[in-house]
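First comes the structure, then the notes that go with it.
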Amino acid sequence: MRRRGPGARGVARGALAWAVPAVVSLVAAPAARAADAASPAYPAGFGSFQANCAVCHGPAGAGLPALAPPLLSYPARYAASVEGRRQLALTVLYGMVGDITVDDKHYNFQMPEFARLDDATLAATLNFVVFDLDHAPADVKPLTTEEIAAERAHAVDGAAVREHRKSVVPGGP
Ligand code: HEC
């Protein structure tokens, strides 16, 4: 009996170490092929999105029902206004928590924070979402490293990020 406990935990750990990368690569593989064909305008953002975001939002940004919202139209709309651009930077830097509505559907889980990624990587990741996934119109300016740095200088929490979303989504969050 004494040996079974630790042995079982070892097996569980081993299985988990194997299963997590396998699931991630299964999720990422079809999108990698699709976007290779389309050659993304933001290749660094594409790589970062697949590594950091696709596990929840899906490799092509379609989201997961009831878990993570689609990123296929709202980010492009946000990118067209000053407060919306701030919202995008705040969301990736500090995450978001609390009920939100996207396309009449509710989501209420934790978006993790990605402050560990540098400003250039976060800007490229958002530009991949806004331009490669959402096809924002040409008069929308790409997000800059400076815009990310400006929000990094004033830390807030995920609840405040949700509060700020009220100023960019009519009737939101
Ligand atoms: C662990 C799962 C998870 C990961 C990984 C993740 N997200 Fe999210 N994301 C969420 C959830 C859940 C929400 C909604 C949060 C809420 O309900 O308040 C969200 C919300 C968002 C929003 C706001 C959408 C809106 O309409 O306001 C954006 C933008 C976003 N994520 C982008 C990203 C990007 C870019 C990455 C990678 C750097 C990423 N997410 C990684 C789960 C995730």
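Please note that chains go A, B, ... in the order of the structure tokens, that every chain numbers its residues from 1, and that ligands are numbered from 1 in the order shown.
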Around ligand 1, which protein and nucleic acid residues have at least one atom no more than 6 Å from it, if we count only C-alpha atoms and all ligand atoms? List them as a list in words.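 Checking only C-alpha atoms and all ligand atoms against ligand 1 at 6 Å gives Phe49, Asn52, Cys53, Val55, Cys56, Leu67, Ala68, Pro69, Tyr74, Pro75, Leu88, Thr91, Val92, Met96, Val97, Gly98, Asp99, Ile100, Val102, Tyr107, Asn108, Phe109, Gln110, Met111, Pro112, Thr125 and Leu126 of chain A.
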Alpha helix (DSSP H) per DSSP on the backbone: members of region 45-165 of chain A, as a PDB file with N, CA, C and O atoms, in the first residue's frame:
ATOM      1  N   GLY A  45       2.974  37.698 -34.614  1.00  0.00           N
ATOM      2  CA  GLY A  45       1.719  37.672 -33.873  1.00  0.00           C
ATOM      3  C   GLY A  45       1.007  36.344 -34.052  1.00  0.00           C
ATOM      4  O   GLY A  45       0.422  35.812 -33.113  1.00  0.00           O
ATOM      5  N   PHE A  46       1.096  35.804 -35.252  1.00  0.00           N
ATOM      6  CA  PHE A  46       0.508  34.481 -35.511  1.00  0.00           C
ATOM      7  C   PHE A  46       1.144  33.437 -34.591  1.00  0.00           C
ATOM      8  O   PHE A  46       0.447  32.656 -33.942  1.00  0.00           O
ATOM      9  N   GLY A  47       2.482  33.446 -34.522  1.00  0.00           N
ATOM     10  CA  GLY A  47       3.187  32.466 -33.681  1.00  0.00           C
ATOM     11  C   GLY A  47       2.817  32.621 -32.221  1.00  0.00           C
ATOM     12  O   GLY A  47       2.550  31.636 -31.517  1.00  0.00           O
ATOM     13  N   SER A  48       2.779  33.857 -31.751  1.00  0.00           N
ATOM     14  CA  SER A  48       2.435  34.110 -30.361  1.00  0.00           C
ATOM     15  C   SER A  48       0.986  33.723 -30.080  1.00  0.00           C
ATOM     16  O   SER A  48       0.672  33.142 -29.036  1.00  0.00           O
ATOM     17  N   PHE A  49       0.097  34.021 -31.024  1.00  0.00           N
ATOM     18  CA  PHE A  49      -1.316  33.674 -30.822  1.00  0.00           C
ATOM     19  C   PHE A  49      -1.473  32.159 -30.696  1.00  0.00           C
ATOM     20  O   PHE A  49      -2.177  31.669 -29.815  1.00  0.00           O
ATOM     21  N   GLN A  50      -0.809  31.414 -31.577  1.00  0.00           N
ATOM     22  CA  GLN A  50      -0.940  29.949 -31.511  1.00  0.00           C
ATOM     23  C   GLN A  50      -0.371  29.418 -30.205  1.00  0.00           C
ATOM     24  O   GLN A  50      -0.915  28.491 -29.606  1.00  0.00           O
ATOM     25  N   ALA A  51       0.741  30.020 -29.730  1.00  0.00           N
ATOM     26  CA  ALA A  51       1.387  29.527 -28.513  1.00  0.00           C
ATOM     27  C   ALA A  51       0.635  29.929 -27.250  1.00  0.00           C
ATOM     28  O   ALA A  51       0.617  29.181 -26.277  1.00  0.00           O
ATOM     29  N   ASN A  52       0.027  31.124 -27.240  1.00  0.00           N
ATOM     30  CA  ASN A  52      -0.517  31.670 -25.984  1.00  0.00           C
ATOM     31  C   ASN A  52      -2.028  31.765 -25.924  1.00  0.00           C
ATOM     32  O   ASN A  52      -2.588  31.816 -24.830  1.00  0.00           O
ATOM     33  N   ALA A  54      -4.476  30.325 -28.564  1.00  0.00           N
ATOM     34  CA  ALA A  54      -5.311  29.387 -29.323  1.00  0.00           C
ATOM     35  C   ALA A  54      -5.937  28.318 -28.439  1.00  0.00           C
ATOM     36  O   ALA A  54      -7.032  27.843 -28.731  1.00  0.00           O
ATOM     37  N   VAL A  55      -5.268  27.964 -27.342  1.00  0.00           N
ATOM     38  CA  VAL A  55      -5.794  26.900 -26.487  1.00  0.00           C
ATOM     39  C   VAL A  55      -7.183  27.261 -25.968  1.00  0.00           C
ATOM     40  O   VAL A  55      -8.024  26.381 -25.778  1.00  0.00           O
ATOM     41  N   CYS A  56      -7.477  28.538 -25.763  1.00  0.00           N
ATOM     42  CA  CYS A  56      -8.810  28.963 -25.307  1.00  0.00           C
ATOM     43  C   CYS A  56      -9.655  29.571 -26.434  1.00  0.00           C
ATOM     44  O   CYS A  56     -10.832  29.283 -26.557  1.00  0.00           O
ATOM     45  N   HIS A  57      -9.054  30.450 -27.216  1.00  0.00           N
ATOM     46  CA  HIS A  57      -9.852  31.172 -28.223  1.00  0.00           C
ATOM     47  C   HIS A  57      -9.935  30.416 -29.540  1.00  0.00           C
ATOM     48  O   HIS A  57     -10.597  30.880 -30.465  1.00  0.00           O
ATOM     49  N   TYR A  74     -15.166  41.837 -32.500  1.00  0.00           N
ATOM     50  CA  TYR A  74     -15.055  42.906 -31.502  1.00  0.00           C
ATOM     51  C   TYR A  74     -13.661  43.544 -31.493  1.00  0.00           C
ATOM     52  O   TYR A  74     -13.555  44.776 -31.431  1.00  0.00           O
ATOM     53  N   PRO A  75     -12.565  42.771 -31.537  1.00  0.00           N
ATOM     54  CA  PRO A  75     -11.249  43.429 -31.489  1.00  0.00           C
ATOM     55  C   PRO A  75     -11.042  44.441 -32.626  1.00  0.00           C
ATOM     56  O   PRO A  75     -10.458  45.507 -32.400  1.00  0.00           O
ATOM     57  N   ALA A  76     -11.530  44.165 -33.819  1.00  0.00           N
ATOM     58  CA  ALA A  76     -11.381  45.136 -34.916  1.00  0.00           C
ATOM     59  C   ALA A  76     -12.149  46.414 -34.599  1.00  0.00           C
ATOM     60  O   ALA A  76     -11.688  47.514 -34.890  1.00  0.00           O
ATOM     61  N   ARG A  77     -13.321  46.254 -33.980  1.00  0.00           N
ATOM     62  CA  ARG A  77     -14.103  47.442 -33.607  1.00  0.00           C
ATOM     63  C   ARG A  77     -13.373  48.225 -32.520  1.00  0.00           C
ATOM     64  O   ARG A  77     -13.318  49.454 -32.566  1.00  0.00           O
ATOM     65  N   TYR A  78     -12.818  47.506 -31.548  1.00  0.00           N
ATOM     66  CA  TYR A  78     -12.075  48.195 -30.490  1.00  0.00           C
ATOM     67  C   TYR A  78     -10.915  49.001 -31.083  1.00  0.00           C
ATOM     68  O   TYR A  78     -10.631  50.119 -30.648  1.00  0.00           O
ATOM     69  N   VAL A  82      -9.828  55.192 -29.573  1.00  0.00           N
ATOM     70  CA  VAL A  82      -8.747  55.327 -28.584  1.00  0.00           C
ATOM     71  C   VAL A  82      -8.999  54.440 -27.365  1.00  0.00           C
ATOM     72  O   VAL A  82      -8.125  53.685 -26.934  1.00  0.00           O
ATOM     73  N   GLU A  83     -10.222  54.513 -26.802  1.00  0.00           N
ATOM     74  CA  GLU A  83     -10.505  53.721 -25.600  1.00  0.00           C
ATOM     75  C   GLU A  83     -10.544  52.228 -25.920  1.00  0.00           C
ATOM     76  O   GLU A  83     -10.178  51.394 -25.097  1.00  0.00           O
ATOM     77  N   GLY A  84     -10.983  51.888 -27.113  1.00  0.00           N
ATOM     78  CA  GLY A  84     -10.981  50.484 -27.529  1.00  0.00           C
ATOM     79  C   GLY A  84      -9.565  49.936 -27.649  1.00  0.00           C
ATOM     80  O   GLY A  84      -9.288  48.795 -27.279  1.00  0.00           O
ATOM     81  N   ARG A  85      -8.658  50.759 -28.158  1.00  0.00           N
ATOM     82  CA  ARG A  85      -7.257  50.327 -28.284  1.00  0.00           C
ATOM     83  C   ARG A  85      -6.656  50.127 -26.902  1.00  0.00           C
ATOM     84  O   ARG A  85      -5.910  49.169 -26.656  1.00  0.00           O
ATOM     85  N   ARG A  86      -7.008  51.037 -25.977  1.00  0.00           N
ATOM     86  CA  ARG A  86      -6.560  50.863 -24.591  1.00  0.00           C
ATOM     87  C   ARG A  86      -7.124  49.550 -24.029  1.00  0.00           C
ATOM     88  O   ARG A  86      -6.430  48.804 -23.342  1.00  0.00           O
ATOM     89  N   GLN A  87      -8.391  49.262 -24.349  1.00  0.00           N
ATOM     90  CA  GLN A  87      -9.030  48.043 -23.847  1.00  0.00           C
ATOM     91  C   GLN A  87      -8.280  46.794 -24.316  1.00  0.00           C
ATOM     92  O   GLN A  87      -8.061  45.862 -23.542  1.00  0.00           O
ATOM     93  N   LEU A  88      -7.882  46.777 -25.574  1.00  0.00           N
ATOM     94  CA  LEU A  88      -7.143  45.617 -26.092  1.00  0.00           C
ATOM     95  C   LEU A  88      -5.829  45.436 -25.338  1.00  0.00           C
ATOM     96  O   LEU A  88      -5.483  44.322 -24.920  1.00  0.00           O
ATOM     97  N   ALA A  89      -5.088  46.539 -25.158  1.00  0.00           N
ATOM     98  CA  ALA A  89      -3.812  46.447 -24.448  1.00  0.00           C
ATOM     99  C   ALA A  89      -4.039  46.004 -23.005  1.00  0.00           C
ATOM    100  O   ALA A  89      -3.325  45.130 -22.489  1.00  0.00           O
ATOM    101  N   LEU A  90      -5.053  46.589 -22.338  1.00  0.00           N
ATOM    102  CA  LEU A  90      -5.338  46.233 -20.945  1.00  0.00           C
ATOM    103  C   LEU A  90      -5.698  44.752 -20.819  1.00  0.00           C
ATOM    104  O   LEU A  90      -5.276  44.072 -19.874  1.00  0.00           O
ATOM    105  N   THR A  91      -6.488  44.247 -21.773  1.00  0.00           N
ATOM    106  CA  THR A  91      -6.951  42.851 -21.682  1.00  0.00           C
ATOM    107  C   THR A  91      -5.778  41.874 -21.733  1.00  0.00           C
ATOM    108  O   THR A  91      -5.713  40.934 -20.939  1.00  0.00           O
ATOM    109  N   VAL A  92      -4.834  42.095 -22.650  1.00  0.00           N
ATOM    110  CA  VAL A  92      -3.718  41.139 -22.717  1.00  0.00           C
ATOM    111  C   VAL A  92      -2.721  41.353 -21.571  1.00  0.00           C
ATOM    112  O   VAL A  92      -2.118  40.399 -21.083  1.00  0.00           O
ATOM    113  N   LEU A  93      -2.562  42.593 -21.124  1.00  0.00           N
ATOM    114  CA  LEU A  93      -1.599  42.843 -20.036  1.00  0.00           C
ATOM    115  C   LEU A  93      -2.110  42.341 -18.696  1.00  0.00           C
ATOM    116  O   LEU A  93      -1.330  41.798 -17.891  1.00  0.00           O
ATOM    117  N   TYR A  94      -3.395  42.539 -18.416  1.00  0.00           N
ATOM    118  CA  TYR A  94      -3.907  42.292 -17.061  1.00  0.00           C
ATOM    119  C   TYR A  94      -5.008  41.252 -16.990  1.00  0.00           C
ATOM    120  O   TYR A  94      -5.518  40.943 -15.915  1.00  0.00           O
ATOM    121  N   ASP A 119       6.366  44.110 -24.942  1.00  0.00           N
ATOM    122  CA  ASP A 119       5.420  45.020 -25.599  1.00  0.00           C
ATOM    123  C   ASP A 119       5.296  44.722 -27.095  1.00  0.00           C
ATOM    124  O   ASP A 119       4.192  44.748 -27.653  1.00  0.00           O
ATOM    125  N   ALA A 120       6.433  44.441 -27.750  1.00  0.00           N
ATOM    126  CA  ALA A 120       6.403  44.189 -29.195  1.00  0.00           C
ATOM    127  C   ALA A 120       5.616  42.913 -29.495  1.00  0.00           C
ATOM    128  O   ALA A 120       4.848  42.852 -30.463  1.00  0.00           O
ATOM    129  N   THR A 121       5.791  41.889 -28.664  1.00  0.00           N
ATOM    130  CA  THR A 121       5.068  40.628 -28.873  1.00  0.00           C
ATOM    131  C   THR A 121       3.569  40.823 -28.656  1.00  0.00           C
ATOM    132  O   THR A 121       2.741  40.328 -29.434  1.00  0.00           O
ATOM    133  N   LEU A 122       3.208  41.585 -27.617  1.00  0.00           N
ATOM    134  CA  LEU A 122       1.773  41.821 -27.363  1.00  0.00           C
ATOM    135  C   LEU A 122       1.151  42.637 -28.493  1.00  0.00           C
ATOM    136  O   LEU A 122       0.043  42.334 -28.948  1.00  0.00           O
ATOM    137  N   ALA A 123       1.864  43.654 -28.978  1.00  0.00           N
ATOM    138  CA  ALA A 123       1.337  44.455 -30.088  1.00  0.00           C
ATOM    139  C   ALA A 123       1.155  43.571 -31.321  1.00  0.00           C
ATOM    140  O   ALA A 123       0.112  43.621 -31.990  1.00  0.00           O
ATOM    141  N   ALA A 124       2.138  42.730 -31.622  1.00  0.00           N
ATOM    142  CA  ALA A 124       2.047  41.854 -32.799  1.00  0.00           C
ATOM    143  C   ALA A 124       0.905  40.853 -32.643  1.00  0.00           C
ATOM    144  O   ALA A 124       0.180  40.568 -33.614  1.00  0.00           O
ATOM    145  N   THR A 125       0.720  40.326 -31.433  1.00  0.00           N
ATOM    146  CA  THR A 125      -0.356  39.360 -31.192  1.00  0.00           C
ATOM    147  C   THR A 125      -1.711  40.022 -31.436  1.00  0.00           C
ATOM    148  O   THR A 125      -2.586  39.462 -32.101  1.00  0.00           O
ATOM    149  N   LEU A 126      -1.882  41.230 -30.903  1.00  0.00           N
ATOM    150  CA  LEU A 126      -3.148  41.949 -31.111  1.00  0.00           C
ATOM    151  C   LEU A 126      -3.335  42.307 -32.582  1.00  0.00           C
ATOM    152  O   LEU A 126      -4.448  42.226 -33.113  1.00  0.00           O
ATOM    153  N   ASN A 127      -2.255  42.686 -33.264  1.00  0.00           N
ATOM    154  CA  ASN A 127      -2.383  43.020 -34.684  1.00  0.00           C
ATOM    155  C   ASN A 127      -2.749  41.793 -35.517  1.00  0.00           C
ATOM    156  O   ASN A 127      -3.508  41.901 -36.483  1.00  0.00           O
ATOM    157  N   THR A 145       3.999  49.338 -30.132  1.00  0.00           N
ATOM    158  CA  THR A 145       4.696  48.982 -28.895  1.00  0.00           C
ATOM    159  C   THR A 145       4.466  50.066 -27.838  1.00  0.00           C
ATOM    160  O   THR A 145       4.287  49.759 -26.662  1.00  0.00           O
ATOM    161  N   GLU A 146       4.432  51.333 -28.274  1.00  0.00           N
ATOM    162  CA  GLU A 146       4.244  52.453 -27.334  1.00  0.00           C
ATOM    163  C   GLU A 146       2.872  52.386 -26.662  1.00  0.00           C
ATOM    164  O   GLU A 146       2.739  52.715 -25.480  1.00  0.00           O
ATOM    165  N   GLU A 147       1.856  51.983 -27.408  1.00  0.00           N
ATOM    166  CA  GLU A 147       0.518  51.903 -26.806  1.00  0.00           C
ATOM    167  C   GLU A 147       0.467  50.820 -25.717  1.00  0.00           C
ATOM    168  O   GLU A 147      -0.219  50.982 -24.707  1.00  0.00           O
ATOM    169  N   ILE A 148       1.178  49.720 -25.930  1.00  0.00           N
ATOM    170  CA  ILE A 148       1.234  48.672 -24.892  1.00  0.00           C
ATOM    171  C   ILE A 148       2.006  49.201 -23.683  1.00  0.00           C
ATOM    172  O   ILE A 148       1.575  49.060 -22.534  1.00  0.00           O
ATOM    173  N   ALA A 149       3.148  49.846 -23.963  1.00  0.00           N
ATOM    174  CA  ALA A 149       3.991  50.360 -22.865  1.00  0.00           C
ATOM    175  C   ALA A 149       3.230  51.364 -22.009  1.00  0.00           C
ATOM    176  O   ALA A 149       3.375  51.379 -20.779  1.00  0.00           O
ATOM    177  N   ALA A 150       2.387  52.194 -22.645  1.00  0.00           N
ATOM    178  CA  ALA A 150       1.635  53.205 -21.892  1.00  0.00           C
ATOM    179  C   ALA A 150       0.699  52.554 -20.879  1.00  0.00           C
ATOM    180  O   ALA A 150       0.555  53.042 -19.751  1.00  0.00           O
ATOM    181  N   GLU A 151       0.074  51.436 -21.233  1.00  0.00           N
ATOM    182  CA  GLU A 151      -0.835  50.755 -20.292  1.00  0.00           C
ATOM    183  C   GLU A 151      -0.055  49.933 -19.276  1.00  0.00           C
ATOM    184  O   GLU A 151      -0.489  49.759 -18.142  1.00  0.00           O
ATOM    185  N   ARG A 152       1.129  49.450 -19.659  1.00  0.00           N
ATOM    186  CA  ARG A 152       1.938  48.677 -18.714  1.00  0.00           C
ATOM    187  C   ARG A 152       2.377  49.563 -17.545  1.00  0.00           C
ATOM    188  O   ARG A 152       2.596  49.076 -16.431  1.00  0.00           O
ATOM    189  N   GLY A 158      -7.982  42.536 -13.334  1.00  0.00           N
ATOM    190  CA  GLY A 158      -8.902  42.024 -14.353  1.00  0.00           C
ATOM    191  C   GLY A 158     -10.329  42.541 -14.198  1.00  0.00           C
ATOM    192  O   GLY A 158     -11.059  42.654 -15.183  1.00  0.00           O
ATOM    193  N   ALA A 159     -10.741  42.873 -12.958  1.00  0.00           N
ATOM    194  CA  ALA A 159     -12.082  43.427 -12.746  1.00  0.00           C
ATOM    195  C   ALA A 159     -12.155  44.837 -13.320  1.00  0.00           C
ATOM    196  O   ALA A 159     -13.166  45.230 -13.921  1.00  0.00           O
ATOM    197  N   ALA A 160     -11.075  45.603 -13.165  1.00  0.00           N
ATOM    198  CA  ALA A 160     -11.044  46.962 -13.715  1.00  0.00           C
ATOM    199  C   ALA A 160     -11.040  46.926 -15.241  1.00  0.00           C
ATOM    200  O   ALA A 160     -11.624  47.801 -15.895  1.00  0.00           O
ATOM    201  N   VAL A 161     -10.403  45.911 -15.803  1.00  0.00           N
ATOM    202  CA  VAL A 161     -10.400  45.779 -17.268  1.00  0.00           C
ATOM    203  C   VAL A 161     -11.827  45.539 -17.760  1.00  0.00           C
ATOM    204  O   VAL A 161     -12.263  46.116 -18.762  1.00  0.00           O
ATOM    205  N   ARG A 162     -12.576  44.732 -17.022  1.00  0.00           N
ATOM    206  CA  ARG A 162     -13.990  44.507 -17.390  1.00  0.00           C
ATOM    207  C   ARG A 162     -14.783  45.806 -17.238  1.00  0.00           C
ATOM    208  O   ARG A 162     -15.635  46.124 -18.081  1.00  0.00           O
ATOM    209  N   GLU A 163     -14.542  46.574 -16.184  1.00  0.00           N
ATOM    210  CA  GLU A 163     -15.220  47.866 -15.997  1.00  0.00           C
ATOM    211  C   GLU A 163     -14.950  48.785 -17.191  1.00  0.00           C
ATOM    212  O   GLU A 163     -15.856  49.417 -17.728  1.00  0.00           O
ATOM    213  N   HIS A 164     -13.668  48.829 -17.602  1.00  0.00           N
ATOM    214  CA  HIS A 164     -13.311  49.711 -18.710  1.00  0.00           C
ATOM    215  C   HIS A 164     -14.000  49.285 -20.006  1.00  0.00           C
ATOM    216  O   HIS A 164     -14.289  50.118 -20.866  1.00  0.00           O
ATOM    217  N   ARG A 165     -14.292  47.992 -20.113  1.00  0.00           N
ATOM    218  CA  ARG A 165     -14.972  47.495 -21.331  1.00  0.00           C
ATOM    219  C   ARG A 165     -16.328  48.175 -21.527  1.00  0.00           C
ATOM    220  O   ARG A 165     -16.803  48.298 -22.647  1.00  0.00           O
TER     221      ARG A 165
END
Give me the residues near Ala136 (chain A) as an MDAnalysis selection string, where near means some atom within 10 Å (using only C-alpha atoms) and where sequence neighbours in that chain fewer than 4 positions away do not count. chainID A and resid 72:73 75:77 79:80 127 129:132 140:142
Would you mind reading off the distance between CA of Pro40 (chain A) and CA of Thr144 (chain A), one decimal, in Å?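 So the answer is 17.6 Å.
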Point out the residue among A:Asp134, A:Glu113, A:Asp118, A:Asp157 with the least atom-to-atom distance to Ala62 (chain A), counting only C-alpha atoms.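 Counting only C-alpha atoms, the residue closest to Ala62 (chain A) is A:Asp134.
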CA of Lys166 (chain A) to CA of His106 (chain A), straight-line distance in Å: 14.7 Å
Proximity to Gly95 (chain A) - best of A:Asp139, A:Ala115, A:Ala41, A:Gly58, only C-alpha atoms: A:Ala115
For Ala66 (chain A), which residue out of A:Arg116, A:His135, A:His154, A:Lys105 is the nearest one, using only C-alpha atoms? A:Lys105
Two-atom distance - CA of Pro43 (chain A), CA of Pro137 (chain A) (Å):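 For CA of Pro43 (chain A) relative to CA of Pro137 (chain A), the distance reads 18.8 Å.
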